[in-house]
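These notes are about the structure you will find just below.
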Amino acid sequence: MNQQEFETFLRSTRRHLHQYPELSNQEFETTKSIEQWLRDLDITIRETDLKTGVFADIKGEKPGPTVAIRADIDALPIEEQTGLPYASKNKGVMHACGHDFHTAALIGAAYLLKENQSTLNGSVRLLFQPAEELGGGARHVIKDGQLEDVKAIIGLHNKPDLPVGTIGIKEGPLMAAVDRFHIGLYGKGSHAALPQNGNDPIVAAGQLITALQTIVSRNVSPLQSAVVSVTKIAGGSTWNVIPGDVSLEGTVRTFDSTVREEVKKRFYTIVHSIAAAFSQEVELNWFPGPPPLLNHKSVTEVLERAAKKQSLEIIHPEPSTAGEDFSYYLQQIPGSFAFFGTNGNEDWHHPAFTVDESALLKAAYFLYESARELLER
């Protein structure tokens, strides 16, 4: 197909995915669609024990290493508010993070790689990964053996605040480690007019929320960074009763493993100390998520060369405190992850999130050139 037909194909692919989004580990129809697109291209699909996700190999005719390109395929539990003619047909589910863009771009790169298969010095593995939004999909892919023999890996994420034609490439930390917490404070309820007869967990929760903010301001170096956010609090059922318990939830974001451990240590100390000071029983559950995403220098340099070949404007982006389970791959093998400009109107996870589809063709060619550069380095 010519360039115009190719771009039309990419847009059509992305719009189909956008209309039929599926949540993490429920990407059954998405998986079927990807498999069909790859079979239409006569690309070899790999066996997997995972219920969703697609993995495939394009083997060049010349000997060489195996490198991988990854795209995530899951959507979010968000009701779409874009008003697009191809908006989600699955109520309460939306591609509000642009994984449809990533998947379509990788399908495009697969087409280009297959078209030039005879010139490849090695093999390219395609990883259409499920369940990124839950933060654990990458670990399942690794356990499934899909990184076997892979020497390096690349990926990208759309970036709505960057214009089309711009790419953010950076060695070292790009995205944060993600930890989630849940705190239960258990005091003693009483009539609101007789607080002395109980142990008020709401007052304790208020003190706790304030104290937790001192972790970043007083325990993390100003030259480092961390975020501690309490995002949910629940307690009480009416205006004149002090409840017996209060629960709090939230997240911690860090870019350095030492800082991550220190923040967790201080967090536990503060929670238990405040609980004791206010005569509360406490239950603290900590849910570790993906580690920080740390790009490797050698592969990052490859991405820069590929971006220059595509005449993309390279910027060095500020690290994002959002998380990304691509980081699990980078703990196993060298790799790099880039931010790809899509000139969106809203940021990730917003119900009106969109991408500029003119970036699709550029993203497909960037992934293709990056894989070729990796094989030839």
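By convention here, the chains of the structure tokens are called A, B, ... in the order presented, each chain's residues are numbered starting at 1, and ligands are numbered starting at 1 in the order presented.
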Got a sec: who's within 10 Å of A:Thr300, counting only C-alpha atoms, leaving out chain neighbours fewer than 6 positions off, as a ChimeraX atom specification? /A:154,169-172,306,334-338,370
Residues as selected, all heavy atoms, written as an mmCIF file, in the first residue's frame, can you do that?
data_model
loop_
_atom_site.group_PDB
_atom_site.id
_atom_site.type_symbol
_atom_site.label_atom_id
_atom_site.label_comp_id
_atom_site.auth_asym_id
_atom_site.auth_seq_id
_atom_site.Cartn_x
_atom_site.Cartn_y
_atom_site.Cartn_z
ATOM 1 N N ILE A 154 12.177 -1.638 23.461
ATOM 2 C CA ILE A 154 11.808 -0.231 23.315
ATOM 3 C C ILE A 154 10.296 -0.095 23.417
ATOM 4 O O ILE A 154 9.544 -1.050 23.200
ATOM 5 C CB ILE A 154 12.293 0.361 21.978
ATOM 6 C CG1 ILE A 154 11.751 -0.457 20.797
ATOM 7 C CG2 ILE A 154 13.807 0.447 21.951
ATOM 8 C CD1 ILE A 154 12.080 0.115 19.442
ATOM 9 N N ILE A 169 12.899 12.142 24.785
ATOM 10 C CA ILE A 169 13.835 11.031 24.999
ATOM 11 C C ILE A 169 14.797 11.425 26.097
ATOM 12 O O ILE A 169 15.384 12.514 26.069
ATOM 13 C CB ILE A 169 14.598 10.699 23.705
ATOM 14 C CG1 ILE A 169 13.617 10.309 22.587
ATOM 15 C CG2 ILE A 169 15.600 9.577 23.932
ATOM 16 C CD1 ILE A 169 14.282 10.065 21.242
ATOM 17 N N LYS A 170 14.982 10.533 27.048
ATOM 18 C CA LYS A 170 15.788 10.884 28.218
ATOM 19 C C LYS A 170 16.421 9.632 28.814
ATOM 20 O O LYS A 170 15.736 8.634 29.065
ATOM 21 C CB LYS A 170 14.907 11.563 29.270
ATOM 22 C CG LYS A 170 15.614 11.930 30.560
ATOM 23 C CD LYS A 170 14.636 12.517 31.557
ATOM 24 C CE LYS A 170 15.316 12.896 32.863
ATOM 25 N NZ LYS A 170 15.902 11.715 33.555
ATOM 26 N N GLU A 171 17.714 9.697 29.066
ATOM 27 C CA GLU A 171 18.402 8.643 29.804
ATOM 28 C C GLU A 171 18.030 8.737 31.284
ATOM 29 O O GLU A 171 17.762 9.819 31.803
ATOM 30 C CB GLU A 171 19.914 8.810 29.629
ATOM 31 C CG GLU A 171 20.757 7.832 30.428
ATOM 32 C CD GLU A 171 22.229 8.192 30.432
ATOM 33 O OE1 GLU A 171 22.644 9.032 29.595
ATOM 34 O OE2 GLU A 171 22.974 7.655 31.276
ATOM 35 N N GLY A 172 17.978 7.608 31.993
ATOM 36 C CA GLY A 172 17.726 7.601 33.425
ATOM 37 C C GLY A 172 16.251 7.653 33.760
ATOM 38 O O GLY A 172 15.401 7.196 32.995
ATOM 39 N N ALA A 306 17.233 7.109 15.767
ATOM 40 C CA ALA A 306 16.023 6.806 14.994
ATOM 41 C C ALA A 306 15.136 8.038 14.866
ATOM 42 O O ALA A 306 14.559 8.290 13.794
ATOM 43 C CB ALA A 306 15.255 5.667 15.660
ATOM 44 N N PRO A 334 18.338 -4.316 28.877
ATOM 45 C CA PRO A 334 18.458 -2.896 28.513
ATOM 46 C C PRO A 334 17.274 -2.458 27.654
ATOM 47 O O PRO A 334 16.729 -3.230 26.871
ATOM 48 C CB PRO A 334 19.762 -2.851 27.710
ATOM 49 C CG PRO A 334 20.507 -4.083 28.098
ATOM 50 C CD PRO A 334 19.465 -5.118 28.386
ATOM 51 N N GLY A 335 16.908 -1.202 27.810
ATOM 52 C CA GLY A 335 15.797 -0.681 27.017
ATOM 53 C C GLY A 335 15.611 0.801 27.238
ATOM 54 O O GLY A 335 16.297 1.431 28.046
ATOM 55 N N SER A 336 14.635 1.348 26.506
ATOM 56 C CA SER A 336 14.336 2.766 26.653
ATOM 57 C C SER A 336 12.897 3.016 26.232
ATOM 58 O O SER A 336 12.351 2.314 25.372
ATOM 59 C CB SER A 336 15.293 3.610 25.808
ATOM 60 O OG SER A 336 15.182 4.986 26.138
ATOM 61 N N PHE A 337 12.312 4.031 26.827
ATOM 62 C CA PHE A 337 10.900 4.373 26.658
ATOM 63 C C PHE A 337 10.833 5.855 26.352
ATOM 64 O O PHE A 337 11.512 6.664 26.988
ATOM 65 C CB PHE A 337 10.179 4.055 27.977
ATOM 66 C CG PHE A 337 8.683 4.020 27.907
ATOM 67 C CD1 PHE A 337 8.022 2.963 27.309
ATOM 68 C CD2 PHE A 337 7.922 5.026 28.485
ATOM 69 C CE1 PHE A 337 6.633 2.900 27.274
ATOM 70 C CE2 PHE A 337 6.531 4.986 28.465
ATOM 71 C CZ PHE A 337 5.890 3.909 27.854
ATOM 72 N N ALA A 338 10.030 6.220 25.359
ATOM 73 C CA ALA A 338 9.971 7.612 24.912
ATOM 74 C C ALA A 338 8.568 8.178 25.048
ATOM 75 O O ALA A 338 7.577 7.446 25.046
ATOM 76 C CB ALA A 338 10.421 7.703 23.462
ATOM 77 N N SER A 370 13.611 2.499 15.037
ATOM 78 C CA SER A 370 14.280 2.196 16.297
ATOM 79 C C SER A 370 14.676 0.733 16.371
ATOM 80 O O SER A 370 15.783 0.378 16.821
ATOM 81 C CB SER A 370 13.373 2.550 17.471
ATOM 82 O OG SER A 370 13.114 3.936 17.515
#
Tell me, as a PDB file with N, CA and C atoms, in the first residue's frame, which residues lie within 12 Å of A:Leu223, counting only C-alpha atoms; anything in the same chain fewer than 4 positions away does not count.
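Result file selection-v9.pdb:
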ATOM      1  N   VAL A 216       7.702  14.311  52.669  1.00  0.00           N
ATOM      2  CA  VAL A 216       8.381  14.906  51.514  1.00  0.00           C
ATOM      3  C   VAL A 216       9.109  16.178  51.907  1.00  0.00           C
ATOM      4  N   SER A 217       8.459  17.018  52.709  1.00  0.00           N
ATOM      5  CA  SER A 217       9.049  18.326  53.024  1.00  0.00           C
ATOM      6  C   SER A 217      10.214  18.250  53.997  1.00  0.00           C
ATOM      7  N   ASN A 219      11.841  14.898  55.020  1.00  0.00           N
ATOM      8  CA  ASN A 219      12.630  13.664  55.018  1.00  0.00           C
ATOM      9  C   ASN A 219      13.229  13.331  53.660  1.00  0.00           C
ATOM     10  N   PHE A 255      11.290   8.308  42.492  1.00  0.00           N
ATOM     11  CA  PHE A 255      12.119   8.002  41.329  1.00  0.00           C
ATOM     12  C   PHE A 255      13.392   7.258  41.693  1.00  0.00           C
ATOM     13  N   ASP A 256      13.636   7.062  42.962  1.00  0.00           N
ATOM     14  CA  ASP A 256      14.885   6.461  43.426  1.00  0.00           C
ATOM     15  C   ASP A 256      14.556   5.370  44.437  1.00  0.00           C
ATOM     16  N   VAL A 259      15.163   6.401  48.128  1.00  0.00           N
ATOM     17  CA  VAL A 259      14.114   7.315  48.571  1.00  0.00           C
ATOM     18  C   VAL A 259      12.807   6.554  48.783  1.00  0.00           C
TER      19      VAL A 259
END
Please identify which residues in stretch 3-238 of chain A DSSP calls strand (DSSP E) from the backbone, and express them as a PyMOL selection string. chain A and resi 44-45+54-59+62-72+121-129+150-159+166-168+172-175+177-186+190-191+226-235
Non-local contacts of A:Val282 (9 Å; only C-alpha atoms; under 5 positions in same chain excluded) as number ranges by chain: A: 183-187, 271-272, 275-276
Could the residues in this selection be saved with all heavy atoms as an mmCIF file, in the first residue's frame?
data_model
loop_
_atom_site.group_PDB
_atom_site.id
_atom_site.type_symbol
_atom_site.label_atom_id
_atom_site.label_comp_id
_atom_site.auth_asym_id
_atom_site.auth_seq_id
_atom_site.Cartn_x
_atom_site.Cartn_y
_atom_site.Cartn_z
ATOM 1 N N ILE A 183 -5.197 2.665 54.854
ATOM 2 C CA ILE A 183 -5.079 2.775 56.313
ATOM 3 C C ILE A 183 -6.467 2.659 56.925
ATOM 4 O O ILE A 183 -7.397 3.347 56.502
ATOM 5 C CB ILE A 183 -4.460 4.125 56.729
ATOM 6 C CG1 ILE A 183 -3.109 4.333 56.047
ATOM 7 C CG2 ILE A 183 -4.324 4.215 58.254
ATOM 8 C CD1 ILE A 183 -2.594 5.765 56.146
ATOM 9 N N GLY A 184 -6.590 1.815 57.905
ATOM 10 C CA GLY A 184 -7.818 1.740 58.690
ATOM 11 C C GLY A 184 -7.549 2.189 60.115
ATOM 12 O O GLY A 184 -6.673 1.649 60.792
ATOM 13 N N LEU A 185 -8.260 3.220 60.580
ATOM 14 C CA LEU A 185 -8.171 3.683 61.967
ATOM 15 C C LEU A 185 -9.427 3.239 62.705
ATOM 16 O O LEU A 185 -10.545 3.499 62.238
ATOM 17 C CB LEU A 185 -8.049 5.210 62.017
ATOM 18 C CG LEU A 185 -6.769 5.818 61.444
ATOM 19 C CD1 LEU A 185 -6.866 7.336 61.423
ATOM 20 C CD2 LEU A 185 -5.539 5.378 62.246
ATOM 21 N N TYR A 186 -9.233 2.588 63.844
ATOM 22 C CA TYR A 186 -10.354 2.018 64.588
ATOM 23 C C TYR A 186 -10.339 2.561 66.014
ATOM 24 O O TYR A 186 -9.493 2.199 66.828
ATOM 25 C CB TYR A 186 -10.260 0.488 64.592
ATOM 26 C CG TYR A 186 -10.207 -0.084 63.190
ATOM 27 C CD1 TYR A 186 -8.977 -0.390 62.602
ATOM 28 C CD2 TYR A 186 -11.367 -0.266 62.454
ATOM 29 C CE1 TYR A 186 -8.918 -0.891 61.310
ATOM 30 C CE2 TYR A 186 -11.324 -0.770 61.153
ATOM 31 C CZ TYR A 186 -10.091 -1.075 60.597
ATOM 32 O OH TYR A 186 -10.030 -1.563 59.318
ATOM 33 N N GLY A 187 -11.273 3.488 66.250
ATOM 34 C CA GLY A 187 -11.377 4.087 67.575
ATOM 35 C C GLY A 187 -12.625 3.604 68.283
ATOM 36 O O GLY A 187 -12.931 2.404 68.271
ATOM 37 N N VAL A 271 2.271 6.735 60.758
ATOM 38 C CA VAL A 271 0.932 6.144 60.904
ATOM 39 C C VAL A 271 0.764 5.488 62.267
ATOM 40 O O VAL A 271 -0.233 5.721 62.973
ATOM 41 C CB VAL A 271 0.669 5.128 59.776
ATOM 42 C CG1 VAL A 271 -0.603 4.321 60.064
ATOM 43 C CG2 VAL A 271 0.532 5.838 58.439
ATOM 44 N N HIS A 272 1.718 4.689 62.669
ATOM 45 C CA HIS A 272 1.588 3.979 63.947
ATOM 46 C C HIS A 272 1.725 4.932 65.141
ATOM 47 O O HIS A 272 1.060 4.738 66.172
ATOM 48 C CB HIS A 272 2.621 2.851 64.028
ATOM 49 C CG HIS A 272 2.276 1.680 63.146
ATOM 50 N ND1 HIS A 272 1.266 0.794 63.445
ATOM 51 C CD2 HIS A 272 2.799 1.264 61.957
ATOM 52 C CE1 HIS A 272 1.176 -0.128 62.491
ATOM 53 N NE2 HIS A 272 2.091 0.141 61.576
ATOM 54 N N ALA A 275 -1.572 6.932 65.409
ATOM 55 C CA ALA A 275 -2.614 6.035 65.914
ATOM 56 C C ALA A 275 -2.479 5.832 67.418
ATOM 57 O O ALA A 275 -3.473 5.885 68.159
ATOM 58 C CB ALA A 275 -2.550 4.699 65.187
ATOM 59 N N ALA A 276 -1.249 5.639 67.878
ATOM 60 C CA ALA A 276 -1.026 5.439 69.312
ATOM 61 C C ALA A 276 -1.363 6.696 70.101
ATOM 62 O O ALA A 276 -1.968 6.626 71.182
ATOM 63 C CB ALA A 276 0.424 5.026 69.556
#
List as a PyMOL selection string the protein and nucleic acid residues near A:Asn345, meaning an atom at most 12 Å away when only C-alpha atoms are counted, but skip any in the same chain fewer than 5 places from it. chain A and resi 82+96+159-163+350-356
At a cut-off of 12 Å, using only C-alpha atoms, what residues contact A:Pro21? Leave out same-chain residues fewer than 6 positions from it and give the result as a ChimeraX atom specification. /A:14-15,27-31,33,73-80,86-101,103
Could you list, as an MDAnalysis selection string, every residue within 12 Å of A:Ser358, counting only C-alpha atoms and ignoring same-chain residues fewer than 2 positions away? chainID A and resid 4 7:8 10:11 14 101 105 163:165 340:344 355:356 360:364
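Distances here use only C-alpha atoms; by that measure, the residue among A:Asp42, A:Leu374, A:Lys297, A:Pro222 closest to A:Pro173 is A:Lys297.
Each of A:Ile315, A:Val302, A:Ile167, A:Val246 was checked against A:Glu283 using only C-alpha atoms; the smallest atom-to-atom distance is that of A:Val246.
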